[in-house]
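Colleague: I have a structure I would like to understand better, so I am pasting it below and will then ask my questions one at a time.
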Amino acid sequence: MDQLNQLIIQRRKKADELADMNVEVYANDFKPTHHISEVLSSGSADAAAADLEDAPNVRVSFKVAGRILALRKFGKASFLHIQDDSGRIQVYVKKEVVGEALYAQFKKWDIGDIVGFKGKLFKTKTGELTIQADSIKLITKSLRPLPEKFHGLTDVEMRYRQRYVDLIVNPEVRKTFRKRIEIIKLLREFLSNRGFLEVETPMMQAVPGGATAKPFKTHHKALDMDLYLRIAPELYLKRLLVGGFEKVFEINRNFRNEGLSTRHNPEFTMLEFYQAYATYNDLMDLTEEMISWLTEEINGSMEVTYQGMTVDLSPPWKRYSIDEALIEVAGIDPDLLNDSEQTIKLAKDKGIKLEAQAGPGKAKTELFELLVEEKLINPTFITEYPTEVSPLARRNQANPQVTDRFELYITGREIANAFSELNDPVDQKKRFEKQIAERGDDEEIFPVLDEDYIRALEYGLPAAAGEGIGIDRLVMLLTDSPSIRDVIIFPHLKAEK
């Protein structure tokens with residue numbers, strides 16, 4: 001029998017012994033009056049002048065609850081540390097104070113148990129604020145021991161798979177997810193303050209549109225029809241612009257039936273927002289303002305450190321067209337980029353596999369991803385994406401070979417994608433049909449044309465611009481997290497063996 005199973009058996013035995021003592025091992029009648037952080041702040045003035053002998057004279061009594069993280073048992077007195085969602089505090093339990101019966105129960109407690117205390121605050125000789133318990137209560141008996149250490153490659157997967165344990169033992173993990181919650185709250189605040197309405201669109205769709213990706217497929221029995229988990233909410237949000245809403249946003253869950261990596265999870269969170277009578281240039285300005293403000297609010301500075309790299313998010317941010325980026329960053333001859341055949345040849349010479357029908361626009365985009373993307377550390381907008389790779393974006397009026405589109409890159413990663421919206425239903429239908437024709441044998445990507453979306457455009461979509469921001473990648477940046485799994489509270493993993 002391994003050590004873990006032995007410990008579980010020992011804890012189960014203690015739970016049975018407590019039950020025999022008429023102790024409820026899963027109690028539901030303890031009501032804390034304070035969080036630990038409140039105790040540490042509000043009680044410190046009284047405790048500052050109090051030592052262990054003076055503790056009974058301290059005025060304020062507190063009731064707190066939390067999980068035992070450390071426990072030092074002695075014959076007639078013990079010290080332990082408990083943690084709630086606000087902090088950690090030491091508790092002193094003395095047999096002659098709590099009584100022999102309660103102290104006998106206490107001796108069967110373990111690290112990991114959830115417990116409650118009532119008592120007054122004092123300072124130990126080492127200066128640590130401590131509660132001297134005059135009453136104790138077992139709330140939940142823990143039957144599994146907490147890990148002593150959480151490190152190493154094997155334990156990294158355990159942290160993701162057993163996030164509930166990770167949150168107990170790693171304060172930095174709790175801090176990361178609190179920061180994620182605050183980031184989303186601030187994004188909502190920013191957009192709401194500028195007149196954007198938060199909306200909800202379907203997560204199950206008859207046609208998976210708004211992006212090129214493999215969807216998850218299900219079947220609705222009552223309707224007798226196949227449905228798809230959304231790969232993007234874009235086409236529904238633009239339907240709302242047709243309906244008369246002029247500024248909308250959604251913080252949404254998207255699903256793509258594709259690979260996993262440090263940057264990709266099959267289920268992820270996006271912020272998408274759309275504004276009527278705006279252009280992609282307006283959204284560049286808005287994005288720069290929003291993310292720099294968010295960074296200042298979250299980190300207290302517009303300079304952040306990400307995996308050893310110093311990133312300055314102070315405006316103004318660099319702006320390159322995709323051609324300018326290939327010339328300035330990758331060092332490609334501009335004359336070569338003006339020659340379609342030479343551009344395609346260069347891409348193939350670099351080992352890029354292009355479909356037979358791929359044109360120079362696709363080749364430029366692939367060259368950018370290979371030669372430029374990872375070098376864009378400070379925030380950089382890349383504009384003028386080829387029409388060939390931008391099926392939903394408006395063509396540039398001066399040069400119809402490119403679109404009014406940008407992508408934002410920080411630390412070599414795409415953070416946002418935006419464009420002035422294509423609102424010509426005839427052009428849109430042709431682009432959809434071309435995209436479907438080029439999908440090859442993989443019918444799981446765009447299986448049918450979204451005729452209803454074309455019909456909506458025929459009623460009239462106002463001139464508009466829209467954007468999607470990857471929340472998970474933004475949180476990675478602002479929490480210095482190397483993997484998307486570090487910022488998704490329950491990431492997807494292979495089944496346990």
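In the structure tokens, chains take letters A, B, ... by order of appearance, with residues numbered from 1 within each chain and ligands from 1 in the order shown.
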Kindly provide the residues of stretch 238-336 of chain A that approach stretch 381-392 of chain A to within 10 Å, each paired with its closest atom pair and their distance in Å to one decimal, based on only C-alpha atoms, listed by chain and increasing number, as a tab-separated table.
Modeller:
```
residue	atom	partner	partner_atom	distance
A:Tyr280	CA	A:Thr383	CA	9.3
A:Asn281	CA	A:Thr383	CA	9.6
A:Met284	CA	A:Phe381	CA	7.7
A:Glu288	CA	A:Phe381	CA	9.5
A:Trp317	CA	A:Phe381	CA	7.3
A:Lys318	CA	A:Phe381	CA	6.2
A:Arg319	CA	A:Phe381	CA	4.7
A:Tyr320	CA	A:Ile382	CA	5.0
A:Ser321	CA	A:Thr383	CA	4.4
A:Ile322	CA	A:Ile382	CA	5.7
A:Asp323	CA	A:Glu384	CA	8.1
A:Glu324	CA	A:Ile382	CA	8.9
A:Ala325	CA	A:Ile382	CA	7.5
```
Colleague: Could you pull out all residues of stretch 22-259 of chain A with a DSSP call of strand (DSSP E or B) and give them as a ChimeraX atom specification?
Modeller: /A:26,61-73,77-83,88-94,114-123,129-140,197-198,204-205,217-220,225-229,247-255
Colleague: I'd like the neighbourhood of A:Ala464 as a PyMOL selection string, where a residue qualifies if any of its atoms comes within 9 Å (using only C-alpha atoms), though same-chain residues fewer than 4 positions away should be ignored.
Modeller: chain A and resi 238+241+246+274-280+419-423
Colleague: Skipping near chain neighbours, those fewer than 4 positions away, what residues fall within 9 Å of stretch 95-101 of chain A using only C-alpha atoms, listed as a tab-separated table (two decimals) with N, CA and C atoms, in the first residue's frame?
Modeller:
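Contents of the output file result21.tsv:
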```tsv
chain	number	residue	atom	x	y	z
A	75	GLY	N	1.69	19.29	23.79
A	75	GLY	CA	0.87	18.58	24.77
A	75	GLY	C	-0.39	19.31	25.16
A	76	LYS	N	-0.25	20.57	25.61
A	76	LYS	CA	-1.40	21.31	26.13
A	76	LYS	C	-1.68	22.60	25.37
A	77	ALA	N	-0.91	22.86	24.35
A	77	ALA	CA	-1.11	24.08	23.55
A	77	ALA	C	-0.54	23.85	22.15
A	78	SER	N	-1.14	24.49	21.17
A	78	SER	CA	-0.71	24.28	19.78
A	78	SER	C	-0.85	25.57	18.99
A	105	GLN	N	-10.86	16.79	20.60
A	105	GLN	CA	-11.25	16.82	19.18
A	105	GLN	C	-10.14	17.43	18.33
A	106	PHE	N	-9.61	18.54	18.83
A	106	PHE	CA	-8.59	19.28	18.10
A	106	PHE	C	-7.39	18.38	17.76
A	132	GLN	N	-5.93	34.07	19.86
A	132	GLN	CA	-6.02	33.06	20.93
A	132	GLN	C	-7.45	32.57	20.97
A	133	ALA	N	-7.63	31.28	20.60
A	133	ALA	CA	-8.98	30.73	20.48
A	133	ALA	C	-9.57	30.44	21.85
A	134	ASP	N	-10.81	30.90	22.04
A	134	ASP	CA	-11.54	30.47	23.23
A	134	ASP	C	-12.66	29.49	22.86
A	135	SER	N	-12.85	29.31	21.52
A	135	SER	CA	-13.81	28.33	21.02
A	135	SER	C	-13.32	27.83	19.67
A	136	ILE	N	-13.45	26.53	19.42
A	136	ILE	CA	-12.98	25.95	18.15
A	136	ILE	C	-14.08	25.08	17.56
```
Colleague: Which residues, written as a list in words, have at least one atom at most 12 Å from A:Asn22, with only C-alpha atoms counted and residues fewer than 5 positions away on the same chain left out?
Modeller: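 Non-adjacent residues within range: Ala15, Asp16, Glu17, Ala27, Ala101, Leu102, Gln105 and Leu138 of chain A.
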Colleague: Considering only C-alpha atoms, return as a tab-separated table (two decimals) with N, CA and C atoms, in the first residue's frame whatever protein or nucleic-acid residues lie within 8 Å of A:Leu367, sequence-local ones (same chain, fewer than 5 positions apart) excluded.
Modeller:
```tsv
chain	number	residue	atom	x	y	z
A	326	LEU	N	7.45	43.60	-43.28
A	326	LEU	CA	8.33	42.66	-43.98
A	326	LEU	C	9.62	43.34	-44.44
A	347	ALA	N	8.33	32.64	-50.34
A	347	ALA	CA	7.63	31.89	-49.30
A	347	ALA	C	7.95	30.40	-49.41
A	352	ILE	N	7.61	27.38	-46.60
A	352	ILE	CA	6.17	27.56	-46.37
A	352	ILE	C	5.39	26.77	-47.42
A	372	VAL	N	8.46	37.83	-38.92
A	372	VAL	CA	8.26	39.10	-38.23
A	372	VAL	C	7.59	38.93	-36.87
```
Colleague: Tell me, in Å to one decimal, how far atom CA of A:Pro202 is from atom CA of A:Glu272.
Modeller: 13.8 Å
Colleague: Within 7 Å of A:Leu69, counting only C-alpha atoms, which residues show up once you throw out same-chain ones fewer than 6 positions away? Write them as a ChimeraX atom specification, please.
Modeller: /A:81-83,111-112
Colleague: How would the residues just chosen look if you wrote them out with C-alpha atoms as an mmCIF file, in the first residue's frame?
Modeller:
```
data_model
loop_
_atom_site.group_PDB
_atom_site.id
_atom_site.type_symbol
_atom_site.label_atom_id
_atom_site.label_comp_id
_atom_site.auth_asym_id
_atom_site.auth_seq_id
_atom_site.Cartn_x
_atom_site.Cartn_y
_atom_site.Cartn_z
ATOM 1 C CA HIS A 81 -2.029 28.738 10.434
ATOM 2 C CA ILE A 82 -5.352 28.955 8.631
ATOM 3 C CA GLN A 83 -6.182 30.557 5.300
ATOM 4 C CA ILE A 111 -3.534 19.986 7.736
ATOM 5 C CA GLY A 112 -6.193 20.592 5.081
#
```
Colleague: Between A:Val329, A:Val242, A:Leu237, A:Met290, which residue has the minimum interatomic distance to A:Gly210, considering only C-alpha atoms?
Modeller: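 Under the stated criterion, the closest residue is A:Leu237.
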Colleague: Pull the helix (DSSP H, G or I) assignments for stretch 103-180 of chain A out of DSSP run on the backbone, and list those residues as number ranges by chain.
Modeller: A: 103-106, 153-161, 163-169, 171-180
Colleague: Which residues of stretch 156-254 of chain A come within 12 Å of stretch 482-490 of chain A, and for each one, what is the closest pair of atoms and their distance in Å to one decimal, counting only C-alpha atoms, sorted by chain and residue number, as a tab-separated table?
Modeller:
```
residue	atom	partner	partner_atom	distance
A:Val156	CA	A:Asp486	CA	9.8
A:Glu157	CA	A:Arg485	CA	9.7
A:Met158	CA	A:Phe490	CA	11.6
A:Arg159	CA	A:Asp486	CA	9.3
A:Tyr160	CA	A:Phe490	CA	6.7
A:Arg161	CA	A:Phe490	CA	7.4
A:Gln162	CA	A:Phe490	CA	8.5
A:Arg163	CA	A:Phe490	CA	6.7
A:Tyr164	CA	A:Ile489	CA	9.2
A:Val165	CA	A:Ile489	CA	11.8
A:Asp166	CA	A:Ile489	CA	10.1
A:Leu167	CA	A:Ile489	CA	9.5
A:Glu172	CA	A:Asp486	CA	10.7
A:Val173	CA	A:Asp486	CA	8.0
A:Arg174	CA	A:Ile489	CA	9.8
A:Lys175	CA	A:Val487	CA	10.6
A:Thr176	CA	A:Val487	CA	7.0
A:Phe177	CA	A:Val487	CA	6.7
A:Arg178	CA	A:Val487	CA	10.3
A:Lys179	CA	A:Val487	CA	9.7
A:Arg180	CA	A:Val487	CA	7.4
A:Ile181	CA	A:Val487	CA	10.5
A:Ile183	CA	A:Val487	CA	11.8
A:Arg253	CA	A:Ile488	CA	11.7
```
Colleague: Please, could you write that set of residues out with N, CA and C atoms as a short mmCIF file (atom, residue, chain, number, x, y, z; two decimals), in the first residue's frame?
Modeller:
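This went into part06.cif:
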```
data_model
loop_
_atom_site.label_atom_id
_atom_site.label_comp_id
_atom_site.auth_asym_id
_atom_site.auth_seq_id
_atom_site.Cartn_x
_atom_site.Cartn_y
_atom_site.Cartn_z
N VAL A 156 3.37 20.07 -12.69
CA VAL A 156 2.73 21.10 -13.49
C VAL A 156 1.41 20.58 -14.05
N GLU A 157 1.42 19.37 -14.58
CA GLU A 157 0.16 18.81 -15.09
C GLU A 157 -0.82 18.58 -13.95
N MET A 158 -0.31 18.16 -12.77
CA MET A 158 -1.19 17.96 -11.62
C MET A 158 -1.84 19.28 -11.22
N ARG A 159 -1.08 20.37 -11.30
CA ARG A 159 -1.63 21.68 -10.96
C ARG A 159 -2.80 22.03 -11.86
N TYR A 160 -2.67 21.78 -13.15
CA TYR A 160 -3.76 22.09 -14.08
C TYR A 160 -4.95 21.15 -13.88
N ARG A 161 -4.64 19.87 -13.65
CA ARG A 161 -5.72 18.88 -13.54
C ARG A 161 -6.47 19.01 -12.22
N GLN A 162 -5.74 19.32 -11.15
CA GLN A 162 -6.36 19.48 -9.84
C GLN A 162 -6.22 20.94 -9.41
N ARG A 163 -6.86 21.81 -10.16
CA ARG A 163 -6.71 23.25 -9.90
C ARG A 163 -7.17 23.61 -8.50
N TYR A 164 -8.14 22.88 -7.98
CA TYR A 164 -8.63 23.17 -6.64
C TYR A 164 -7.51 23.02 -5.60
N VAL A 165 -6.60 22.07 -5.82
CA VAL A 165 -5.46 21.92 -4.91
C VAL A 165 -4.44 23.02 -5.18
N ASP A 166 -4.22 23.30 -6.45
CA ASP A 166 -3.30 24.37 -6.84
C ASP A 166 -3.67 25.69 -6.18
N LEU A 167 -4.97 25.99 -6.15
CA LEU A 167 -5.43 27.24 -5.55
C LEU A 167 -5.21 27.26 -4.04
N GLU A 172 0.24 32.55 -5.46
CA GLU A 172 0.42 33.27 -6.72
C GLU A 172 -0.64 32.88 -7.75
N VAL A 173 -1.09 31.64 -7.68
CA VAL A 173 -2.14 31.20 -8.61
C VAL A 173 -3.45 31.91 -8.29
N ARG A 174 -3.79 31.99 -7.00
CA ARG A 174 -4.99 32.73 -6.63
C ARG A 174 -4.87 34.19 -7.07
N LYS A 175 -3.69 34.75 -6.93
CA LYS A 175 -3.46 36.14 -7.34
C LYS A 175 -3.68 36.31 -8.83
N THR A 176 -3.21 35.35 -9.62
CA THR A 176 -3.38 35.41 -11.08
C THR A 176 -4.85 35.44 -11.45
N PHE A 177 -5.64 34.57 -10.83
CA PHE A 177 -7.06 34.50 -11.22
C PHE A 177 -7.86 35.67 -10.66
N ARG A 178 -7.45 36.21 -9.54
CA ARG A 178 -8.07 37.46 -9.07
C ARG A 178 -7.78 38.59 -10.06
N LYS A 179 -6.55 38.60 -10.57
CA LYS A 179 -6.19 39.64 -11.53
C LYS A 179 -6.97 39.45 -12.83
N ARG A 180 -7.17 38.20 -13.24
CA ARG A 180 -7.98 37.95 -14.44
C ARG A 180 -9.39 38.51 -14.26
N ILE A 181 -9.99 38.24 -13.10
CA ILE A 181 -11.34 38.75 -12.82
C ILE A 181 -11.37 40.27 -12.89
N ILE A 183 -9.28 42.23 -14.56
CA ILE A 183 -9.07 42.66 -15.95
C ILE A 183 -10.39 42.66 -16.70
N ARG A 253 -17.38 32.95 -24.69
CA ARG A 253 -16.61 31.71 -24.79
C ARG A 253 -16.72 31.20 -26.22
#
```
Colleague: Under the rule that only C-alpha atoms are counted, which of A:Thr269, A:Gln357, A:Thr411, A:Thr124 is the nearest residue to A:Leu376?
Modeller: A:Thr411
Colleague: So, with only C-alpha atoms as the atoms that count, which of A:Lys120, A:Arg239, A:Arg394, A:His35 lies closest to A:Gly460?
Modeller: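 The shortest atom-to-atom distance to A:Gly460 comes from A:Arg239.
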Colleague: Just give me the gap between atom CA of A:Glu200 and atom CA of A:Arg188 in Å, one decimal is fine.
Modeller: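 For atom CA of A:Glu200 relative to atom CA of A:Arg188, the distance reads 13.6 Å.
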